[in-house]
$ cat input00.csv   # CSV, C-alpha atoms
chain,number,residue,atom,x,y,z
P,325,MET,CA,30.9,20.6,-32.8
P,326,PRO,CA,31.5,18.5,-35.9
P,327,ALA,CA,28.5,16.7,-37.4
P,328,LYS,CA,30.0,13.2,-36.7
P,329,MET,CA,30.4,14.1,-33.0
P,330,ARG,CA,26.8,15.3,-32.8
P,331,LEU,CA,25.6,12.0,-34.4
P,332,ILE,CA,27.7,9.9,-31.9
P,333,LEU,CA,26.4,12.0,-29.0
P,334,SER,CA,22.8,11.6,-30.2
P,335,SER,CA,23.2,7.9,-30.6
P,336,ILE,CA,24.6,7.5,-27.1
P,337,THR,CA,21.8,9.5,-25.7
P,338,LEU,CA,19.2,7.4,-27.5
P,339,ALA,CA,20.9,4.2,-26.5
P,340,LEU,CA,20.8,5.2,-22.8
P,341,LEU,CA,17.0,6.0,-23.2
P,342,ALA,CA,16.4,2.3,-23.8
P,343,ALA,CA,16.8,1.8,-20.1
P,344,CYS,CA,13.8,4.0,-19.3
P,345,SER,CA,10.7,1.8,-19.3
P,346,GLN,CA,7.3,2.3,-17.9
P,347,VAL,CA,6.3,0.3,-14.9
P,348,GLN,CA,3.2,-1.6,-16.2
P,349,PRO,CA,0.0,-1.7,-14.1
P,350,TRP,CA,0.4,-5.4,-13.3
P,351,GLU,CA,4.0,-4.8,-12.1
P,352,ARG,CA,3.2,-2.4,-9.3
P,353,GLY,CA,3.2,-5.0,-6.5
P,354,TYR,CA,6.3,-3.4,-4.8
P,355,LEU,CA,5.0,0.1,-5.3
P,356,ALA,CA,1.8,-0.9,-3.4
P,357,LYS,CA,3.7,-1.8,-0.3
P,358,GLN,CA,3.2,0.3,2.8
P,359,GLU,CA,6.9,1.1,3.0
P,360,MET,CA,6.9,2.5,-0.5
P,361,ALA,CA,4.4,5.3,0.4
P,362,TRP,CA,5.7,8.9,0.6
P,363,ASP,CA,4.3,9.2,4.1
P,364,SER,CA,4.4,6.3,6.4
P,365,ASP,CA,1.5,7.6,8.6
P,366,PRO,CA,-1.8,7.2,6.8
P,367,LEU,CA,-3.6,9.4,9.3
P,368,GLU,CA,-1.2,12.3,8.9
P,369,ARG,CA,-1.3,11.9,5.1
P,370,ALA,CA,-5.1,12.1,5.2
P,371,LEU,CA,-5.0,15.2,7.3
P,372,ASN,CA,-2.4,16.9,5.0
P,373,ASP,CA,-4.4,16.0,2.0
P,374,HIS,CA,-7.5,17.5,3.5
P,375,ILE,CA,-5.8,20.7,4.3
P,376,PHE,CA,-4.2,20.8,0.8
P,377,PHE,CA,-7.5,20.1,-1.0
P,378,SER,CA,-9.3,22.7,1.0
P,379,LYS,CA,-6.7,25.3,0.2
P,380,GLU,CA,-6.5,24.4,-3.5
P,381,ALA,CA,-10.1,23.7,-4.0
P,382,SER,CA,-9.1,20.5,-5.8
P,383,SER,CA,-8.6,16.9,-5.0
P,384,GLY,CA,-6.8,13.8,-6.1
P,385,GLY,CA,-3.6,13.3,-8.0
P,386,ASN,CA,-1.5,13.1,-4.8
P,387,THR,CA,-0.8,9.4,-4.8
P,388,ALA,CA,-1.0,6.4,-7.1
P,389,ALA,CA,-4.7,5.7,-6.3
P,390,GLY,CA,-5.6,2.4,-4.6
P,391,GLY,CA,-2.1,1.7,-3.4
P,392,GLY,CA,-0.4,2.0,-6.8
P,393,CYS,CA,-2.7,-0.3,-8.7
P,394,GLY,CA,-3.6,2.3,-11.2
P,395,CYS,CA,-7.3,2.0,-10.7
P,396,ASN,CA,-9.9,4.8,-10.3
Z,682,MET,CA,22.9,20.5,-40.2
Z,683,MET,CA,22.1,21.3,-36.6
Z,684,LYS,CA,18.4,21.3,-37.5
Z,685,ARG,CA,18.7,17.8,-39.0
Z,686,GLY,CA,20.4,16.6,-35.8
Z,687,PHE,CA,17.5,17.8,-33.7
Z,688,LEU,CA,15.1,16.2,-36.1
Z,689,THR,CA,16.9,12.9,-35.8
Z,690,LEU,CA,16.9,13.2,-32.0
Z,691,GLY,CA,13.2,14.1,-31.9
Z,692,LEU,CA,12.3,11.1,-34.2
Z,693,GLY,CA,14.4,8.8,-32.0
Z,694,LEU,CA,12.7,10.0,-28.9
Z,695,MET,CA,9.2,9.5,-30.4
Z,696,THR,CA,10.2,6.0,-31.5
Z,697,SER,CA,11.4,5.1,-28.0
Z,698,ALA,CA,8.2,6.4,-26.5
Z,699,LEU,CA,6.0,4.4,-28.9
Z,700,VAL,CA,7.9,1.1,-28.5
Z,701,GLY,CA,6.1,-1.1,-26.1
Z,702,LEU,CA,2.7,0.7,-26.6
Z,703,ALA,CA,0.5,-2.2,-27.5
Z,704,HIS,CA,-3.0,-1.9,-28.8
Z,705,ALA,CA,-5.3,-2.1,-25.8
Z,706,ILE,CA,-8.2,-4.5,-26.2
Z,707,GLU,CA,-11.5,-2.7,-26.8
Z,708,GLU,CA,-15.1,-3.7,-27.1
Z,709,GLY,CA,-15.8,-5.4,-30.4
Z,710,ASP,CA,-12.2,-6.7,-30.8
Z,711,PRO,CA,-11.7,-10.5,-31.1
Z,712,ALA,CA,-10.5,-11.8,-27.7
Z,713,PRO,CA,-6.8,-12.7,-27.6
Z,714,ASP,CA,-6.4,-16.5,-27.2
Z,715,PHE,CA,-4.8,-17.3,-23.9
Z,716,SER,CA,-3.3,-20.5,-22.4
Z,717,LEU,CA,-1.9,-20.3,-19.0
Z,718,PRO,CA,-1.0,-22.7,-16.2
Z,719,SER,CA,-3.4,-22.8,-13.2
Z,720,ILE,CA,-2.2,-21.1,-10.0
Z,721,TYR,CA,-2.7,-24.5,-8.4
Z,722,ALA,CA,0.1,-26.8,-9.3
Z,723,ASP,CA,-2.2,-29.9,-9.4
Z,724,GLN,CA,-4.7,-28.4,-11.8
Z,725,PRO,CA,-4.6,-28.4,-15.6
Z,726,ALA,CA,-3.7,-25.4,-17.8
Z,727,ILE,CA,-6.5,-23.0,-18.7
Z,728,ALA,CA,-7.1,-22.0,-22.3
Z,729,LEU,CA,-9.8,-19.9,-24.0
Z,730,ALA,CA,-9.8,-22.5,-26.8
Z,731,ASP,CA,-11.2,-25.0,-24.3
Z,732,MET,CA,-14.3,-22.9,-23.7
Z,733,PRO,CA,-16.1,-22.8,-27.1
Z,734,GLY,CA,-19.6,-21.4,-27.0
Z,735,LYS,CA,-19.2,-20.1,-23.4
Z,736,THR,CA,-19.5,-16.6,-22.1
Z,737,VAL,CA,-16.1,-15.9,-20.5
Z,738,TYR,CA,-15.4,-13.2,-18.0
Z,739,VAL,CA,-11.6,-12.6,-17.8
Z,740,ASP,CA,-10.4,-10.5,-14.9
Z,741,PHE,CA,-6.8,-9.5,-14.1
Z,742,TRP,CA,-6.0,-9.3,-10.4
Z,743,ALA,CA,-3.2,-9.2,-7.8
Z,744,SER,CA,-3.1,-9.7,-4.1
Z,745,TRP,CA,-1.7,-6.1,-3.6
Z,746,CYS,CA,-4.6,-4.5,-5.5
Z,747,ALA,CA,-7.3,-3.7,-2.9
Z,748,PRO,CA,-10.3,-3.3,-5.3
Z,749,CYS,CA,-9.3,-6.7,-6.9
Z,750,LEU,CA,-9.7,-8.4,-3.6
Z,751,THR,CA,-13.1,-6.8,-3.1
Z,752,SER,CA,-14.3,-7.9,-6.5
Z,753,LEU,CA,-13.3,-11.6,-6.4
Z,754,PRO,CA,-15.9,-12.9,-3.8
Z,755,LEU,CA,-18.6,-11.0,-5.7
Z,756,TYR,CA,-17.5,-12.6,-9.0
Z,757,ASN,CA,-17.6,-15.9,-7.2
Z,758,ASP,CA,-21.3,-15.3,-6.4
Z,759,LEU,CA,-22.0,-14.3,-10.0
Z,760,TYR,CA,-20.2,-17.4,-11.3
Z,761,ASN,CA,-22.2,-19.7,-9.1
Z,762,LYS,CA,-25.4,-18.0,-10.2
Z,763,TYR,CA,-24.8,-18.3,-13.9
Z,764,ARG,CA,-22.3,-21.3,-14.3
Z,765,ASP,CA,-25.2,-23.5,-15.4
Z,766,ARG,CA,-26.0,-21.1,-18.2
Z,767,GLY,CA,-22.5,-21.2,-19.7
Z,768,LEU,CA,-20.6,-18.6,-17.7
Z,769,GLU,CA,-16.9,-19.1,-17.1
Z,770,VAL,CA,-14.9,-16.7,-14.9
Z,771,VAL,CA,-11.2,-16.7,-15.5
Z,772,ALA,CA,-9.4,-14.6,-12.9
Z,773,ILE,CA,-5.8,-14.2,-14.1
Z,774,ASN,CA,-3.4,-13.6,-11.2
Z,775,VAL,CA,-0.4,-11.4,-12.0
Z,776,ASP,CA,1.3,-11.8,-8.6
Z,777,ASN,CA,5.0,-12.3,-8.7
Z,778,PRO,CA,5.9,-14.4,-6.7
Z,779,ILE,CA,2.7,-16.4,-7.1
Z,780,GLU,CA,2.7,-17.3,-3.4
Z,781,ASP,CA,1.3,-13.9,-2.7
Z,782,GLY,CA,-1.8,-14.8,-4.7
Z,783,LEU,CA,-2.0,-18.3,-3.2
Z,784,ASP,CA,-1.9,-16.8,0.3
Z,785,PHE,CA,-5.0,-14.7,-0.5
Z,786,LEU,CA,-6.8,-17.8,-1.9
Z,787,LEU,CA,-6.1,-19.8,1.2
Z,788,ASP,CA,-8.4,-17.4,3.1
Z,789,THR,CA,-10.8,-16.8,0.3
Z,790,PRO,CA,-11.6,-19.9,-1.6
Z,791,LEU,CA,-13.0,-19.2,-5.1
Z,792,ASP,CA,-14.8,-21.7,-7.3
Z,793,PHE,CA,-13.8,-20.4,-10.8
Z,794,LEU,CA,-10.6,-20.8,-12.8
Z,795,ILE,CA,-7.5,-19.0,-11.7
Z,796,PRO,CA,-4.6,-19.0,-14.1
Z,797,SER,CA,-1.2,-17.6,-13.1
Z,798,ASP,CA,0.6,-15.0,-15.2
Z,799,PRO,CA,3.6,-13.9,-13.1
Z,800,GLU,CA,5.5,-12.5,-16.0
Z,801,GLY,CA,2.5,-10.5,-17.3
Z,802,ASP,CA,2.5,-12.1,-20.7
Z,803,MET,CA,-1.3,-12.1,-21.0
Z,804,ALA,CA,-1.5,-8.7,-19.3
Z,805,THR,CA,0.8,-7.5,-22.1
Z,806,GLN,CA,-1.3,-9.1,-24.8
Z,807,PHE,CA,-4.5,-7.6,-23.4
Z,808,ALA,CA,-2.5,-4.3,-22.9
Z,809,VAL,CA,-4.1,-3.9,-19.5
Z,810,ILE,CA,-4.1,-0.2,-18.5
Z,811,GLY,CA,-5.0,-0.5,-14.9
Z,812,MET,CA,-5.7,-3.0,-12.1
Z,813,PRO,CA,-8.2,-4.6,-11.9
Z,814,SER,CA,-9.2,-4.9,-15.6
Z,815,SER,CA,-11.8,-7.2,-16.8
Z,816,TYR,CA,-13.1,-8.3,-20.2
Z,817,LEU,CA,-16.4,-10.0,-21.0
Z,818,ILE,CA,-16.0,-12.4,-24.0
Z,819,GLY,CA,-19.1,-13.5,-25.7
Z,820,PRO,CA,-19.8,-17.0,-27.0
Z,821,ASP,CA,-18.7,-15.7,-30.5
Z,822,GLY,CA,-15.2,-14.9,-29.1
Z,823,GLU,CA,-15.7,-11.1,-29.3
Z,824,VAL,CA,-15.0,-8.8,-26.4
Z,825,LYS,CA,-18.3,-7.4,-25.3
Z,826,LEU,CA,-17.3,-5.3,-22.3
Z,827,VAL,CA,-14.1,-3.8,-21.0
Z,828,HIS,CA,-14.1,-2.7,-17.4
Z,829,MET,CA,-11.3,-1.0,-15.4
Z,830,GLY,CA,-11.2,-0.5,-11.7
Z,831,PHE,CA,-13.8,-1.9,-9.4
Z,832,ARG,CA,-16.4,-0.6,-7.0
Z,833,PRO,CA,-19.1,-2.9,-5.5
Z,834,THR,CA,-21.8,-0.8,-7.2
Z,835,ASP,CA,-20.3,-1.8,-10.6
Z,836,MET,CA,-21.7,-5.4,-10.1
Z,837,GLU,CA,-25.1,-4.4,-11.4
Z,838,MET,CA,-23.8,-3.2,-14.7
Z,839,ILE,CA,-21.4,-6.2,-15.0
Z,840,GLU,CA,-24.2,-8.7,-14.3
Z,841,ALA,CA,-26.5,-7.1,-16.8
Z,842,ALA,CA,-23.7,-7.3,-19.5
Z,843,ILE,CA,-23.1,-11.0,-18.6
Z,844,VAL,CA,-26.8,-11.9,-18.7
Z,845,ALA,CA,-27.2,-10.1,-22.1
Z,846,ASN,CA,-24.4,-12.2,-23.5
Z,847,LEU,CA,-25.3,-15.7,-22.2
Z,848,ARG,CA,-25.8,-18.3,-24.8
Z,849,ASP,CA,-29.5,-19.0,-23.9
$ encode --input "input00.csv" --output "structure tokens"
Amino acid sequence: MPAKMRLILSSITLALLAACSQVQPWERGYLAKQEMAWDSDPLERALNDHIFFSKEASSGGNTAAGGGCGCN
Amino acid sequence: MMKRGFLTLGLGLMTSALVGLAHAIEEGDPAPDFSLPSIYADQPAIALADMPGKTVYVDFWASWCAPCLTSLPLYNDLYNKYRDRGLEVVAINVDNPIEDGLDFLLDTPLDFLIPSDPEGDMATQFAVIGMPSSYLIGPDGEVKLVHMGFRPTDMEMIEAAIVANLRD
């Protein structure tokens, strides 16, 4: 691949990356909605988490804590 | 040549990652000056510059953030306890649309100042890293305490920090 081609390709890749932006903690209102949860049934989720944590001897990290508000 | 291409790409990636990373406010930093409209349309704008010599407790909250909603009535009690000694509580609402925040306030009336920051301009300036986040600003304009998250048991520590930084 000629050098110029590589440069153009790199530039395009970088330009596309500009669209990737982090959702800030104060912008998580939509993520905190019930319908945005991976599992719609909180009871089932709690049970699955309990089984998973017991098997893995670890806990946490499964959801955005506190309904996506980034706390805790 | 190939190596240099990768280097360029790597540097580019690092730059993109760093863009937007603002300096988070820490204890000992001067407080960023804020001026925001009140969430209530009939109330005047709220600015730090209008509170010289006061101890200001700034809290970022939203109606979708459960710990925030737990903390606000407790901050209201604290405000009423120390307002005569120069405490101001400024609870910046970041709800967008702001009606969500107003809905909560209908059921939970609060006595302190509530500015509205739907675009997150002040949250960006403080570089808030989680919700809720609060900042205790001393009468000298310096940030004395940065607190992230909220549990009711945190109140003891927050109250102690406020009392230690009251003017008299």
$ interface_residues --input "input00.csv" --of "chain Z" --to "chain P" --cutoff "6 Å" --atoms "all atoms listed in the file" --output "list in words"
Trp745, Cys746, Gly811, Met812 and Gly830 of chain Z
$ residues_around --input "input00.csv" --residues "segment 754-756 of chain Z" --least-positions-apart "3" --cutoff "8 Å" --atoms "all atoms listed in the file" --output "ChimeraX atom specification"
/Z:750-751,759-760,770,789,791,836
$ atom_distance --input "input00.csv" --atom1 "atom CA of Gln358 of chain P" --atom2 "atom CA of Phe785 of chain Z"
17.4 Å
$ residues_around --input "input00.csv" --residues "Cys749 of chain Z" --least-positions-apart "6" --cutoff "8 Å" --atoms "only C-alpha atoms" --output "count of residues only"
5
$ residues_around --input "input00.csv" --residues "segment 708-721 of chain Z" --least-positions-apart "3" --cutoff "8 Å" --atoms "only C-alpha atoms" --output "MDAnalysis selection string"
chainID Z and resid 724:730 774 779 783 794:798 803 806:807 818 822:827
$ write_last_selection --input "input00.csv" --atoms "C-alpha atoms" --output "PDB file, in the coordinates of the input"
ATOM      1  CA  GLN Z 724      -4.700 -28.400 -11.800  1.00  0.00           C
ATOM      2  CA  PRO Z 725      -4.600 -28.400 -15.600  1.00  0.00           C
ATOM      3  CA  ALA Z 726      -3.700 -25.400 -17.800  1.00  0.00           C
ATOM      4  CA  ILE Z 727      -6.500 -23.000 -18.700  1.00  0.00           C
ATOM      5  CA  ALA Z 728      -7.100 -22.000 -22.300  1.00  0.00           C
ATOM      6  CA  LEU Z 729      -9.800 -19.900 -24.000  1.00  0.00           C
ATOM      7  CA  ALA Z 730      -9.800 -22.500 -26.800  1.00  0.00           C
ATOM      8  CA  ASN Z 774      -3.400 -13.600 -11.200  1.00  0.00           C
ATOM      9  CA  ILE Z 779       2.700 -16.400  -7.100  1.00  0.00           C
ATOM     10  CA  LEU Z 783      -2.000 -18.300  -3.200  1.00  0.00           C
ATOM     11  CA  LEU Z 794     -10.600 -20.800 -12.800  1.00  0.00           C
ATOM     12  CA  ILE Z 795      -7.500 -19.000 -11.700  1.00  0.00           C
ATOM     13  CA  PRO Z 796      -4.600 -19.000 -14.100  1.00  0.00           C
ATOM     14  CA  SER Z 797      -1.200 -17.600 -13.100  1.00  0.00           C
ATOM     15  CA  ASP Z 798       0.600 -15.000 -15.200  1.00  0.00           C
ATOM     16  CA  MET Z 803      -1.300 -12.100 -21.000  1.00  0.00           C
ATOM     17  CA  GLN Z 806      -1.300  -9.100 -24.800  1.00  0.00           C
ATOM     18  CA  PHE Z 807      -4.500  -7.600 -23.400  1.00  0.00           C
ATOM     19  CA  ILE Z 818     -16.000 -12.400 -24.000  1.00  0.00           C
ATOM     20  CA  GLY Z 822     -15.200 -14.900 -29.100  1.00  0.00           C
ATOM     21  CA  GLU Z 823     -15.700 -11.100 -29.300  1.00  0.00           C
ATOM     22  CA  VAL Z 824     -15.000  -8.800 -26.400  1.00  0.00           C
ATOM     23  CA  LYS Z 825     -18.300  -7.400 -25.300  1.00  0.00           C
ATOM     24  CA  LEU Z 826     -17.300  -5.300 -22.300  1.00  0.00           C
ATOM     25  CA  VAL Z 827     -14.100  -3.800 -21.000  1.00  0.00           C
TER      26      VAL Z 827
END
$ atom_distance --input "input00.csv" --atom1 "atom CA of Asn777 of chain Z" --atom2 "atom CA of Leu817 of chain Z"
24.8 Å
$ residues_around --input "input00.csv" --residues "Asp776 of chain Z" --least-positions-apart "5" --cutoff "7 Å" --atoms "all atoms listed in the file" --output "PDB file with C-alpha atoms, keeping the file's coordinate frame"
ATOM      1  CA  ALA Z 743      -3.200  -9.200  -7.800  1.00  0.00           C
ATOM      2  CA  SER Z 744      -3.100  -9.700  -4.100  1.00  0.00           C
ATOM      3  CA  ASP Z 781       1.300 -13.900  -2.700  1.00  0.00           C
ATOM      4  CA  GLY Z 782      -1.800 -14.800  -4.700  1.00  0.00           C
ATOM      5  CA  PRO Z 799       3.600 -13.900 -13.100  1.00  0.00           C
TER       6      PRO Z 799
END
$ atom_distance --input "input00.csv" --atom1 "atom CA of Ala722 of chain Z" --atom2 "atom CA of Glu780 of chain Z"
11.5 Å
